[in-house]
>>> print(open('run.cif').read())   # mmCIF, C-alpha atoms
data_upload
loop_
_atom_site.group_PDB
_atom_site.id
_atom_site.type_symbol
_atom_site.label_atom_id
_atom_site.label_comp_id
_atom_site.auth_asym_id
_atom_site.auth_seq_id
_atom_site.Cartn_x
_atom_site.Cartn_y
_atom_site.Cartn_z
ATOM 1 C CA MET P 1 78.197 119.546 114.293
ATOM 2 C CA THR P 2 81.712 120.218 113.050
ATOM 3 C CA MET P 3 83.132 118.856 116.290
ATOM 4 C CA LYS P 4 81.058 115.701 115.914
ATOM 5 C CA LYS P 5 82.301 115.176 112.356
ATOM 6 C CA GLU P 6 85.908 115.556 113.416
ATOM 7 C CA ARG P 7 85.408 113.107 116.233
ATOM 8 C CA ALA P 8 83.654 110.425 114.238
ATOM 9 C CA ASN P 9 85.633 110.617 111.006
ATOM 10 C CA ASN P 10 89.128 110.953 112.374
ATOM 11 C CA PHE P 11 89.856 107.941 114.504
ATOM 12 C CA ARG P 12 93.613 107.683 115.053
ATOM 13 C CA TYR P 13 95.295 104.478 116.102
ATOM 14 C CA THR P 14 98.120 105.621 118.372
ATOM 15 C CA GLY P 15 101.485 104.233 117.277
ATOM 16 C CA TYR P 16 100.388 103.324 113.744
ATOM 17 C CA THR P 17 100.897 105.551 110.721
ATOM 18 C CA SER P 18 98.060 104.252 108.524
ATOM 19 C CA ASP P 19 95.152 101.816 108.354
ATOM 20 C CA LYS P 20 97.431 99.471 106.378
ATOM 21 C CA THR P 21 100.167 99.224 109.016
ATOM 22 C CA PHE P 22 97.513 98.925 111.710
ATOM 23 C CA VAL P 23 95.664 96.083 109.964
ATOM 24 C CA ASN P 24 98.968 94.276 109.323
ATOM 25 C CA ALA P 25 99.642 94.424 113.065
ATOM 26 C CA LEU P 26 96.111 93.233 113.857
ATOM 27 C CA ILE P 27 96.531 90.130 111.680
ATOM 28 C CA SER P 28 100.133 89.480 112.693
ATOM 29 C CA SER P 29 100.938 85.894 113.655
ATOM 30 C CA LYS P 30 103.099 87.250 116.496
ATOM 31 C CA ASN P 31 101.009 87.341 119.660
ATOM 32 C CA ASN P 32 102.627 90.451 121.193
ATOM 33 C CA ILE P 33 102.218 92.552 118.017
ATOM 34 C CA ARG P 34 98.626 91.422 117.493
ATOM 35 C CA ASP P 35 97.623 91.909 121.152
ATOM 36 C CA ARG P 36 99.142 95.411 121.264
ATOM 37 C CA ALA P 37 97.276 96.367 118.076
ATOM 38 C CA PHE P 38 93.995 94.940 119.351
ATOM 39 C CA ASN P 39 94.397 96.881 122.591
ATOM 40 C CA THR P 40 94.874 100.045 120.530
ATOM 41 C CA LEU P 41 91.771 99.179 118.485
ATOM 42 C CA LEU P 42 89.748 98.851 121.688
ATOM 43 C CA ASP P 43 91.239 102.086 123.093
ATOM 44 C CA THR P 44 90.001 103.882 119.985
ATOM 45 C CA LEU P 45 86.733 102.237 119.025
ATOM 46 C CA HIS P 46 85.344 100.273 121.970
ATOM 47 C CA GLN P 47 83.269 103.103 123.416
ATOM 48 C CA PRO P 48 82.167 104.676 120.091
ATOM 49 C CA ILE P 49 80.943 101.275 118.870
ATOM 50 C CA TYR P 50 79.174 100.531 122.158
ATOM 51 C CA TYR P 51 77.360 103.886 122.214
ATOM 52 C CA HIS P 52 76.430 103.532 118.544
ATOM 53 C CA LEU P 53 74.879 100.147 119.292
ATOM 54 C CA ARG P 54 73.305 101.424 122.500
ATOM 55 C CA ARG P 55 71.426 104.117 120.542
ATOM 56 C CA LEU P 56 70.500 101.599 117.878
ATOM 57 C CA LEU P 57 69.252 98.923 120.262
ATOM 58 C CA GLY P 58 67.969 101.051 123.151
ATOM 59 C CA ASN P 59 69.273 99.005 126.061
ATOM 60 C CA HIS P 60 72.582 98.115 127.700
ATOM 61 C CA GLU P 61 72.356 94.311 127.541
ATOM 62 C CA ASP P 62 71.780 94.081 123.791
ATOM 63 C CA ALA P 63 74.373 96.778 123.105
ATOM 64 C CA ALA P 64 76.947 94.926 125.219
ATOM 65 C CA ASP P 65 76.275 91.632 123.376
ATOM 66 C CA ALA P 66 76.410 93.284 119.962
ATOM 67 C CA THR P 67 79.635 95.153 120.857
ATOM 68 C CA GLN P 68 81.373 91.946 121.890
ATOM 69 C CA ASN P 69 80.156 90.151 118.753
ATOM 70 C CA THR P 70 81.312 93.074 116.617
ATOM 71 C CA PHE P 71 84.911 92.965 117.834
ATOM 72 C CA ILE P 72 85.085 89.192 117.551
ATOM 73 C CA LYS P 73 83.687 89.430 114.025
ATOM 74 C CA VAL P 74 86.259 92.143 113.228
ATOM 75 C CA HIS P 75 89.014 89.837 114.433
ATOM 76 C CA THR P 76 87.842 86.861 112.369
ATOM 77 C CA SER P 77 87.145 88.934 109.214
ATOM 78 C CA LEU P 78 90.166 91.247 109.117
ATOM 79 C CA ASN P 79 91.781 89.221 106.333
ATOM 80 C CA THR P 80 88.789 90.111 104.115
ATOM 81 C CA PHE P 81 89.236 93.887 104.626
ATOM 82 C CA ARG P 82 90.282 95.350 101.243
ATOM 83 C CA PHE P 83 90.957 99.009 102.231
ATOM 84 C CA LYS P 84 88.128 100.243 99.998
ATOM 85 C CA SER P 85 86.904 102.289 102.963
ATOM 86 C CA LYS P 86 88.388 103.525 106.223
ATOM 87 C CA LEU P 87 88.944 100.780 108.780
ATOM 88 C CA SER P 88 86.655 102.625 111.210
ATOM 89 C CA SER P 89 83.841 102.777 108.603
ATOM 90 C CA TRP P 90 84.241 99.068 107.983
ATOM 91 C CA ILE P 91 84.029 98.346 111.722
ATOM 92 C CA PHE P 92 80.971 100.600 112.093
ATOM 93 C CA SER P 93 79.362 98.678 109.208
ATOM 94 C CA ILE P 94 79.950 95.378 111.021
ATOM 95 C CA ALA P 95 78.515 96.870 114.216
ATOM 96 C CA THR P 96 75.467 98.206 112.374
ATOM 97 C CA ARG P 97 74.813 94.809 110.792
ATOM 98 C CA GLN P 98 75.172 93.118 114.184
ATOM 99 C CA GLY P 99 72.710 95.636 115.632
ATOM 100 C CA ILE P 100 70.167 95.248 112.832
ATOM 101 C CA ASP P 101 70.388 91.447 113.079
ATOM 102 C CA LEU P 102 69.664 91.673 116.792
ATOM 103 C CA ILE P 103 66.721 94.053 116.245
ATOM 104 C CA ARG P 104 65.225 91.590 113.739
ATOM 105 C CA LYS P 105 65.791 88.652 116.064
ATOM 106 C CA ARG P 106 64.170 90.387 119.048
ATOM 107 C CA ARG P 107 61.291 91.986 117.122
ATOM 108 C CA LYS P 108 58.226 89.996 118.052
ATOM 109 C CA GLU P 109 55.569 92.650 118.430
ATOM 110 C CA GLU P 110 55.195 96.329 117.646
ATOM 111 C CA VAL P 111 56.664 98.507 120.394
ATOM 112 C CA THR P 112 55.208 102.009 120.567
ATOM 113 C CA PHE P 113 56.910 105.310 121.299
ATOM 114 C CA GLU P 114 55.249 105.348 124.727
ATOM 115 C CA ASP P 115 56.637 101.866 125.504
ATOM 116 C CA HIS P 116 60.160 103.019 124.618
ATOM 117 C CA LEU P 117 59.681 106.168 126.658
ATOM 118 C CA ALA P 118 58.504 104.220 129.688
ATOM 119 C CA TYR P 119 61.420 101.796 129.341
ATOM 120 C CA LEU P 120 64.042 104.562 129.125
ATOM 121 C CA GLU P 121 62.547 106.428 132.087
ATOM 122 C CA SER P 122 62.820 103.311 134.218
ATOM 123 C CA ASP P 123 66.236 102.252 132.885
ATOM 124 C CA VAL P 124 68.885 102.663 135.614
ATOM 125 C CA PHE P 125 71.545 102.995 132.899
ATOM 126 C CA PHE P 126 69.795 105.892 131.179
ATOM 127 C CA ASP P 127 70.068 109.359 132.637
ATOM 128 C CA GLY P 128 68.736 111.913 130.175
ATOM 129 C CA ASP P 129 66.569 114.967 130.606
ATOM 130 C CA GLU P 130 63.048 114.854 129.184
ATOM 131 C CA ALA P 131 64.007 116.112 125.730
ATOM 132 C CA SER P 132 66.861 113.667 125.437
ATOM 133 C CA THR P 133 64.696 110.755 126.644
ATOM 134 C CA ARG P 134 62.000 111.583 124.096
ATOM 135 C CA LEU P 135 64.588 111.867 121.325
ATOM 136 C CA HIS P 136 66.109 108.457 122.138
ATOM 137 C CA ALA P 137 62.658 106.872 122.422
ATOM 138 C CA ALA P 138 61.605 108.445 119.123
ATOM 139 C CA VAL P 139 64.717 107.084 117.385
ATOM 140 C CA LEU P 140 63.847 103.596 118.611
ATOM 141 C CA THR P 141 60.506 103.749 116.782
ATOM 142 C CA LEU P 142 62.225 104.111 113.395
ATOM 143 C CA PRO P 143 62.567 101.108 111.060
ATOM 144 C CA ASP P 144 65.942 99.411 111.593
ATOM 145 C CA LYS P 145 67.875 100.717 108.561
ATOM 146 C CA GLN P 146 66.439 104.218 108.851
ATOM 147 C CA ARG P 147 67.362 104.173 112.532
ATOM 148 C CA ALA P 148 70.941 103.174 111.717
ATOM 149 C CA VAL P 149 71.250 105.987 109.163
ATOM 150 C CA PHE P 150 69.801 108.565 111.562
ATOM 151 C CA ILE P 151 72.154 107.527 114.383
ATOM 152 C CA LEU P 152 75.237 107.495 112.165
ATOM 153 C CA LYS P 153 74.377 110.935 110.795
ATOM 154 C CA TYR P 154 72.935 112.711 113.810
ATOM 155 C CA PHE P 155 74.740 111.186 116.804
ATOM 156 C CA GLU P 156 78.002 109.901 115.285
ATOM 157 C CA GLY P 157 78.290 112.883 112.935
ATOM 158 C CA LEU P 158 79.444 110.796 109.973
ATOM 159 C CA ASP P 159 79.242 112.334 106.513
ATOM 160 C CA TYR P 160 77.080 110.664 103.857
ATOM 161 C CA LYS P 161 80.113 109.143 102.110
ATOM 162 C CA SER P 162 81.171 107.332 105.287
ATOM 163 C CA ILE P 163 77.594 106.226 106.004
ATOM 164 C CA SER P 164 77.398 104.933 102.450
ATOM 165 C CA GLU P 165 80.534 102.846 103.099
ATOM 166 C CA CYS P 166 78.985 101.573 106.329
ATOM 167 C CA THR P 167 75.605 100.643 104.955
ATOM 168 C CA GLY P 168 76.304 99.931 101.284
ATOM 169 C CA THR P 169 73.512 102.365 100.348
ATOM 170 C CA SER P 170 73.768 105.177 97.784
ATOM 171 C CA ILE P 171 74.188 108.741 99.056
ATOM 172 C CA GLY P 172 70.877 109.779 97.454
ATOM 173 C CA ALA P 173 68.993 107.011 99.236
ATOM 174 C CA LEU P 174 70.713 107.918 102.512
ATOM 175 C CA LYS P 175 69.659 111.562 102.213
ATOM 176 C CA ALA P 176 66.079 110.485 101.592
ATOM 177 C CA SER P 177 66.234 108.048 104.499
ATOM 178 C CA PHE P 178 67.596 110.711 106.885
ATOM 179 C CA HIS P 179 64.935 113.163 105.754
ATOM 180 C CA HIS P 180 62.115 110.627 106.348
ATOM 181 C CA ALA P 181 63.589 109.738 109.749
ATOM 182 C CA LYS P 182 63.612 113.413 110.773
ATOM 183 C CA GLU P 183 60.022 113.816 109.608
ATOM 184 C CA LYS P 184 58.938 110.825 111.710
ATOM 185 C CA ILE P 185 60.796 112.002 114.814
ATOM 186 C CA LYS P 186 59.743 115.662 114.746
ATOM 187 C CA PRO P 187 56.082 115.233 115.825
ATOM 188 C CA LEU P 188 57.121 113.030 118.730
ATOM 189 C CA LEU P 189 59.370 115.806 120.020
ATOM 190 C CA ILE P 190 56.913 118.631 119.329
ATOM 191 C CA ILE P 191 54.237 116.980 121.463
ATOM 192 C CA ASN P 192 56.613 117.240 124.378
ATOM 193 C CA VAL P 193 57.127 120.986 123.846
ATOM 194 C CA ILE P 194 53.373 121.600 123.854
ATOM 195 C CA MET S 1 77.717 119.874 124.418
ATOM 196 C CA LYS S 2 75.148 117.721 126.214
ATOM 197 C CA GLU S 3 76.267 114.826 128.360
ATOM 198 C CA ASN S 4 75.595 111.357 126.943
ATOM 199 C CA PRO S 5 72.495 110.052 128.787
ATOM 200 C CA ASN S 6 73.461 106.416 128.144
ATOM 201 C CA LYS S 7 75.245 105.038 131.204
ATOM 202 C CA VAL S 8 77.025 101.730 131.741
ATOM 203 C CA PRO S 9 77.613 99.591 134.837
ATOM 204 C CA THR S 10 80.828 100.302 136.776
ATOM 205 C CA ASN S 11 83.948 98.852 135.095
ATOM 206 C CA PHE S 12 81.841 97.624 132.180
ATOM 207 C CA PHE S 13 84.336 98.652 129.486
ATOM 208 C CA ASP S 14 87.327 97.177 131.358
ATOM 209 C CA SER S 15 85.568 93.911 131.955
ATOM 210 C CA GLN S 16 84.284 93.648 128.390
ATOM 211 C CA ARG S 17 87.742 94.512 127.039
ATOM 212 C CA ALA S 18 89.196 91.606 129.005
ATOM 213 C CA ASP S 19 86.494 89.281 127.623
ATOM 214 C CA ILE S 20 87.101 90.404 124.038
ATOM 215 C CA LEU S 21 90.903 90.120 124.307
ATOM 216 C CA SER S 22 90.625 86.682 125.837
ATOM 217 C CA GLU S 23 88.273 85.506 123.067
ATOM 218 C CA VAL S 24 90.530 87.014 120.375
ATOM 219 C CA SER S 25 93.599 85.357 121.841
ATOM 220 C CA ARG S 26 91.819 81.969 122.123
ATOM 221 C CA SER S 27 90.529 82.230 118.577
ATOM 222 C CA SER S 28 94.002 83.185 117.216
ATOM 223 C CA ASN S 29 95.656 80.227 118.936
ATOM 224 C CA ARG S 30 92.921 77.906 117.677
ATOM 225 C CA ARG S 31 93.390 79.233 114.155
ATOM 226 C CA THR S 32 97.184 78.780 114.340
ATOM 227 C CA SER S 33 96.816 75.204 115.535
ATOM 228 C CA ILE S 34 94.259 74.450 112.813
ATOM 229 C CA TYR S 35 96.674 75.826 110.180
ATOM 230 C CA SER S 36 99.595 73.737 111.459
ATOM 231 C CA LEU S 37 97.374 70.640 111.632
ATOM 232 C CA ARG S 38 96.201 71.325 108.091
ATOM 233 C CA ASN S 39 99.773 71.780 106.832
ATOM 234 C CA VAL S 40 100.884 68.515 108.432
ATOM 235 C CA SER S 41 97.862 66.714 106.926
ATOM 236 C CA VAL S 42 98.548 68.079 103.441
ATOM 237 C CA ILE S 43 102.228 67.095 103.598
ATOM 238 C CA ALA S 44 101.389 63.622 104.930
ATOM 239 C CA LEU S 45 98.780 63.070 102.226
ATOM 240 C CA ALA S 46 101.140 64.205 99.460
ATOM 241 C CA ALA S 47 103.916 61.966 100.790
ATOM 242 C CA SER S 48 101.663 58.889 100.998
ATOM 243 C CA LEU S 49 100.373 59.490 97.455
ATOM 244 C CA ALA S 50 103.934 59.769 96.135
ATOM 245 C CA ILE S 51 105.040 56.597 97.935
ATOM 246 C CA SER S 52 101.949 54.674 96.743
ATOM 247 C CA ALA S 53 102.528 55.821 93.164
ATOM 248 C CA TRP S 54 106.118 54.633 93.349
ATOM 249 C CA ILE S 55 105.336 51.252 94.985
ATOM 250 C CA PHE S 56 102.415 50.427 92.698
ATOM 251 C CA SER S 57 104.082 51.836 89.624
ATOM 252 C CA PRO S 58 103.696 49.588 86.514
ATOM 253 C CA TRP S 59 107.235 50.495 85.467
ATOM 254 C CA ASN S 60 109.647 48.081 87.061
ATOM 255 C CA SER S 61 113.249 47.307 86.348
ATOM 256 C CA ASP S 62 114.299 43.776 85.370
ATOM 257 C CA ASP S 63 114.576 42.639 88.967
ATOM 258 C CA GLY S 64 111.017 43.802 89.695
ATOM 259 C CA THR S 65 111.796 46.899 91.812
ATOM 260 C CA PRO S 66 110.057 50.131 90.777
ATOM 261 C CA CYS S 67 112.061 52.404 88.493
ATOM 262 C CA VAL S 68 113.835 55.382 89.995
ATOM 263 C CA SER S 69 115.597 56.602 86.843
ATOM 264 C CA TYR S 70 114.400 57.849 83.494
ATOM 265 C CA SER S 71 116.389 55.254 81.529
ATOM 266 C CA CYS S 72 114.867 52.433 83.577
ATOM 267 C CA LEU S 73 111.461 53.923 82.848
ATOM 268 C CA LEU S 74 112.153 53.943 79.098
ATOM 269 C CA GLU S 75 113.428 50.387 79.116
ATOM 270 C CA SER S 76 110.451 49.128 81.039
ATOM 271 C CA ILE S 77 107.902 50.507 78.577
ATOM 272 C CA GLU S 78 106.703 47.609 76.477
ATOM 273 C CA LEU S 79 106.398 48.053 72.774
ATOM 274 C CA ASN S 80 102.708 47.138 72.932
ATOM 275 C CA TYR S 81 102.014 50.337 74.858
ATOM 276 C CA LEU S 82 103.319 52.430 71.982
ATOM 277 C CA SER S 83 101.253 53.929 69.201
ATOM 278 C CA GLU S 84 101.752 52.803 65.598
ATOM 279 C CA SER S 85 103.770 55.889 64.690
ATOM 280 C CA GLU S 86 105.985 55.449 67.753
ATOM 281 C CA LYS S 87 106.539 51.765 66.800
ATOM 282 C CA LEU S 88 107.515 52.812 63.261
ATOM 283 C CA MET S 89 109.995 55.325 64.630
ATOM 284 C CA ILE S 90 111.601 52.645 66.779
ATOM 285 C CA GLU S 91 111.690 50.184 63.854
ATOM 286 C CA ASP S 92 113.380 52.803 61.687
ATOM 287 C CA TRP S 93 115.894 53.425 64.373
ATOM 288 C CA GLN S 94 116.544 49.668 64.756
ATOM 289 C CA GLU S 95 117.090 49.364 61.016
ATOM 290 C CA GLU S 96 119.586 52.228 61.060
ATOM 291 C CA GLU S 97 121.415 50.599 63.945
ATOM 292 C CA MET S 98 121.637 47.314 62.048
ATOM 293 C CA GLU S 99 122.793 49.040 58.897
ATOM 294 C CA ASP S 100 125.522 50.720 60.882
ATOM 295 C CA GLU S 101 126.543 47.404 62.368
ATOM 296 C CA PHE S 102 126.237 45.010 59.391
ATOM 297 C CA GLY S 103 126.450 47.263 56.374
ATOM 298 C CA ILE S 104 123.832 48.300 53.884
ATOM 299 C CA TYR S 105 123.920 45.112 51.774
ATOM 300 C CA GLN S 106 123.319 42.577 54.508
ATOM 301 C CA PHE S 107 119.863 41.603 53.177
#
>>> encode(input="run.cif", output="structure tokens")
Amino acid sequence: MTMKKERANNFRYTGYTSDKTFVNALISSKNNIRDRAFNTLLDTLHQPIYYHLRRLLGNHEDAADATQNTFIKVHTSLNTFRFKSKLSSWIFSIATRQGIDLIRKRRKEEVTFEDHLAYLESDVFFDGDEASTRLHAAVLTLPDKQRAVFILKYFEGLDYKSISECTGTSIGALKASFHHAKEKIKPLLIINVI
Amino acid sequence: MKENPNKVPTNFFDSQRADILSEVSRSSNRRTSIYSLRNVSVIALAASLAISAWIFSPWNSDDGTPCVSYSCLLESIELNYLSESEKLMIEDWQEEEMEDEFGIYQF
């Protein structure tokens, strides 16, 4: 868990000393400075954002769309970033909102745990063992915001403060949300063990 | 640590990176051109307003051309446009001028 926390909370933008200098480069009017900074941003956060969205949305196509939209949104909104949180937390919050919007757009009928399980087992871009498949399917049954909190905490290893910056929710509410999510997931995993 | 079970198509990240960078570059250039267009429009609008104000100005010099100096502007203001107190001030001033010129006992 410690390793996860270090990974998720300590994104470093190679060649830039702070979020401030990095953001200044990202919004520079000089093409070469801006392009170099955006390349660095993608080097650092492209894959973490994609995998976050992949866990949130449950399939490659939606995650790919949401990832692309996230980085374009980051580019167009950078001038509104006020350094009240880490740049990476702010970008994760944009990604989470993009993901939740997509879940709400696509949600037409109730999809059961078994449906998610069947989908993941047949998905050519998913290669987990049984426990891992059940865990991912179980996560997909959670309500959208609870799912986002669970993924940010469990898979991304973010601390509650960072998740609070991402979601705009109080730490107390996040703890409750994570607890409820765990309670909902547990029985789905226990069935597998039996 | 367990391997991530989520897989992606071959070269997915490289190809998406190219798409994102191309979109970012296009959007930046579009934004720059919109800003320059907006600057030119604002300057043009301000210039036309200034020229119109000058051409249609009610303050003209004796030969009918619009005033370009403060003294011309003062001279072109008709007395009728002034308030009563302003008229009185000017009358006082005129009286003082006449007194200076013709002496205090002229009347």
>>> closest_residue(input="run.cif", among="P:Thr44, P:Ser85, P:Ser162, P:Ser132", to="Arg17 in chain S", atoms="only C-alpha atoms")
P:Thr44
>>> closest_residue(input="run.cif", among="P:Ile94, P:Tyr13, P:Ile100, P:Leu53", to="Ala37 in chain P", atoms="only C-alpha atoms")
P:Tyr13
>>> resolve_selection(input="run.cif", expression="the PyMOL selection byres ((chain P) within 6 of (chain S))", output="MDAnalysis selection string")
chainID P and resid 125:128
>>> resolve_selection(input="run.cif", expression="the PyMOL selection byres ((chain P and resi 50) around 9)", output="mmCIF file with C-alpha atoms, in the coordinates of the input")
data_model
loop_
_atom_site.group_PDB
_atom_site.id
_atom_site.type_symbol
_atom_site.label_atom_id
_atom_site.label_comp_id
_atom_site.auth_asym_id
_atom_site.auth_seq_id
_atom_site.Cartn_x
_atom_site.Cartn_y
_atom_site.Cartn_z
ATOM 1 C CA LEU P 45 86.733 102.237 119.025
ATOM 2 C CA HIS P 46 85.344 100.273 121.970
ATOM 3 C CA GLN P 47 83.269 103.103 123.416
ATOM 4 C CA PRO P 48 82.167 104.676 120.091
ATOM 5 C CA ILE P 49 80.943 101.275 118.870
ATOM 6 C CA TYR P 51 77.360 103.886 122.214
ATOM 7 C CA HIS P 52 76.430 103.532 118.544
ATOM 8 C CA LEU P 53 74.879 100.147 119.292
ATOM 9 C CA ARG P 54 73.305 101.424 122.500
ATOM 10 C CA ARG P 55 71.426 104.117 120.542
ATOM 11 C CA HIS P 60 72.582 98.115 127.700
ATOM 12 C CA ALA P 63 74.373 96.778 123.105
ATOM 13 C CA ALA P 64 76.947 94.926 125.219
ATOM 14 C CA ALA P 66 76.410 93.284 119.962
ATOM 15 C CA THR P 67 79.635 95.153 120.857
ATOM 16 C CA GLN P 68 81.373 91.946 121.890
ATOM 17 C CA ALA P 95 78.515 96.870 114.216
#
>>> resolve_selection(input="run.cif", expression="the PyMOL selection byres ((chain P and resi 105-117) around 12)", output="PyMOL selection string")
chain P and resi 57-59+62+98-104+118-123+126+128-144+184-185+187-189+191-192
>>> closest_residue(input="run.cif", among="P:Tyr154, P:Tyr16, P:Tyr160, P:Phe71", to="Ala181 in chain P", atoms="all atoms listed in the file")
P:Tyr154
>>> atom_distance(input="run.cif", atom1="CA of Asp35 in chain P", atom2="CA of Asp14 in chain S")
15.4 Å
>>> closest_residue(input="run.cif", among="P:Lys84, P:Lys30, P:Lys20, P:Arg12", to="Leu42 in chain P", atoms="all atoms listed in the file")
P:Arg12
>>> atom_distance(input="run.cif", atom1="CA of Ala25 in chain P", atom2="CA of Thr80 in chain P")
14.7 Å
>>> atom_distance(input="run.cif", atom1="CA of Met89 in chain S", atom2="CA of Thr65 in chain S")
28.5 Å
>>> residues_around(input="run.cif", residues="range 49-56 of chain S", least_positions_apart="4", cutoff="10 Å", atoms="only C-alpha atoms", output="list in words")
Ile43, Ala44, Leu45, Asn60, Thr65, Pro66, Cys67 and Val68 of chain S
>>> decode(input="run.cif", residues="range 8-29 of chain P", atoms="N, CA and C atoms", output="mmCIF file, in the first residue's frame")
data_model
loop_
_atom_site.group_PDB
_atom_site.id
_atom_site.type_symbol
_atom_site.label_atom_id
_atom_site.label_comp_id
_atom_site.auth_asym_id
_atom_site.auth_seq_id
_atom_site.Cartn_x
_atom_site.Cartn_y
_atom_site.Cartn_z
ATOM 1 N N ALA P 8 1.176 7.100 -6.640
ATOM 2 C CA ALA P 8 0.069 7.936 -7.071
ATOM 3 C C ALA P 8 0.178 9.384 -6.609
ATOM 4 N N ASN P 9 0.863 9.611 -5.488
ATOM 5 C CA ASN P 9 0.880 10.979 -4.954
ATOM 6 C C ASN P 9 2.114 11.761 -5.345
ATOM 7 N N ASN P 10 3.065 11.112 -5.977
ATOM 8 C CA ASN P 10 4.321 11.803 -6.248
ATOM 9 C C ASN P 10 4.666 11.821 -7.727
ATOM 10 N N PHE P 11 3.755 12.342 -8.525
ATOM 11 C CA PHE P 11 4.066 12.462 -9.941
ATOM 12 C C PHE P 11 5.089 13.582 -10.110
ATOM 13 N N ARG P 12 6.149 13.278 -10.855
ATOM 14 C CA ARG P 12 7.203 14.277 -11.102
ATOM 15 C C ARG P 12 7.220 14.574 -12.600
ATOM 16 N N TYR P 13 7.298 15.856 -12.907
ATOM 17 C CA TYR P 13 7.336 16.252 -14.309
ATOM 18 C C TYR P 13 8.794 16.549 -14.654
ATOM 19 N N THR P 14 9.433 15.604 -15.334
ATOM 20 C CA THR P 14 10.872 15.696 -15.586
ATOM 21 C C THR P 14 11.241 17.012 -16.285
ATOM 22 N N GLY P 15 12.204 17.721 -15.674
ATOM 23 C CA GLY P 15 12.669 18.970 -16.290
ATOM 24 C C GLY P 15 11.987 20.203 -15.719
ATOM 25 N N TYR P 16 11.028 20.005 -14.819
ATOM 26 C CA TYR P 16 10.317 21.144 -14.227
ATOM 27 C C TYR P 16 10.419 21.049 -12.697
ATOM 28 N N THR P 17 10.685 22.193 -12.064
ATOM 29 C CA THR P 17 10.961 22.153 -10.631
ATOM 30 C C THR P 17 9.690 22.148 -9.786
ATOM 31 N N SER P 18 8.592 22.690 -10.315
ATOM 32 C CA SER P 18 7.360 22.740 -9.512
ATOM 33 C C SER P 18 6.150 22.727 -10.434
ATOM 34 N N ASP P 19 4.975 22.547 -9.826
ATOM 35 C CA ASP P 19 3.725 22.603 -10.600
ATOM 36 C C ASP P 19 3.607 23.946 -11.319
ATOM 37 N N LYS P 20 4.056 25.021 -10.630
ATOM 38 C CA LYS P 20 3.909 26.377 -11.161
ATOM 39 C C LYS P 20 4.703 26.547 -12.468
ATOM 40 N N THR P 21 5.983 26.136 -12.427
ATOM 41 C CA THR P 21 6.800 26.293 -13.638
ATOM 42 C C THR P 21 6.267 25.386 -14.752
ATOM 43 N N PHE P 22 5.750 24.223 -14.347
ATOM 44 C CA PHE P 22 5.227 23.289 -15.339
ATOM 45 C C PHE P 22 3.967 23.847 -16.007
ATOM 46 N N VAL P 23 3.067 24.401 -15.191
ATOM 47 C CA VAL P 23 1.822 24.958 -15.753
ATOM 48 C C VAL P 23 2.142 26.159 -16.640
ATOM 49 N N ASN P 24 3.112 26.989 -16.220
ATOM 50 C CA ASN P 24 3.495 28.135 -17.057
ATOM 51 C C ASN P 24 3.975 27.665 -18.429
ATOM 52 N N ALA P 25 4.717 26.554 -18.439
ATOM 53 C CA ALA P 25 5.186 26.012 -19.723
ATOM 54 C C ALA P 25 4.018 25.466 -20.533
ATOM 55 N N LEU P 26 3.066 24.836 -19.845
ATOM 56 C CA LEU P 26 1.914 24.244 -20.545
ATOM 57 C C LEU P 26 1.021 25.301 -21.199
ATOM 58 N N ILE P 27 1.005 26.521 -20.599
ATOM 59 C CA ILE P 27 0.137 27.556 -21.188
ATOM 60 C C ILE P 27 0.957 28.595 -21.970
ATOM 61 N N SER P 28 2.232 28.265 -22.190
ATOM 62 C CA SER P 28 3.086 29.202 -22.922
ATOM 63 C C SER P 28 2.545 29.440 -24.329
ATOM 64 N N SER P 29 2.739 30.667 -24.819
ATOM 65 C CA SER P 29 2.285 30.966 -26.191
ATOM 66 C C SER P 29 3.323 30.476 -27.208
#
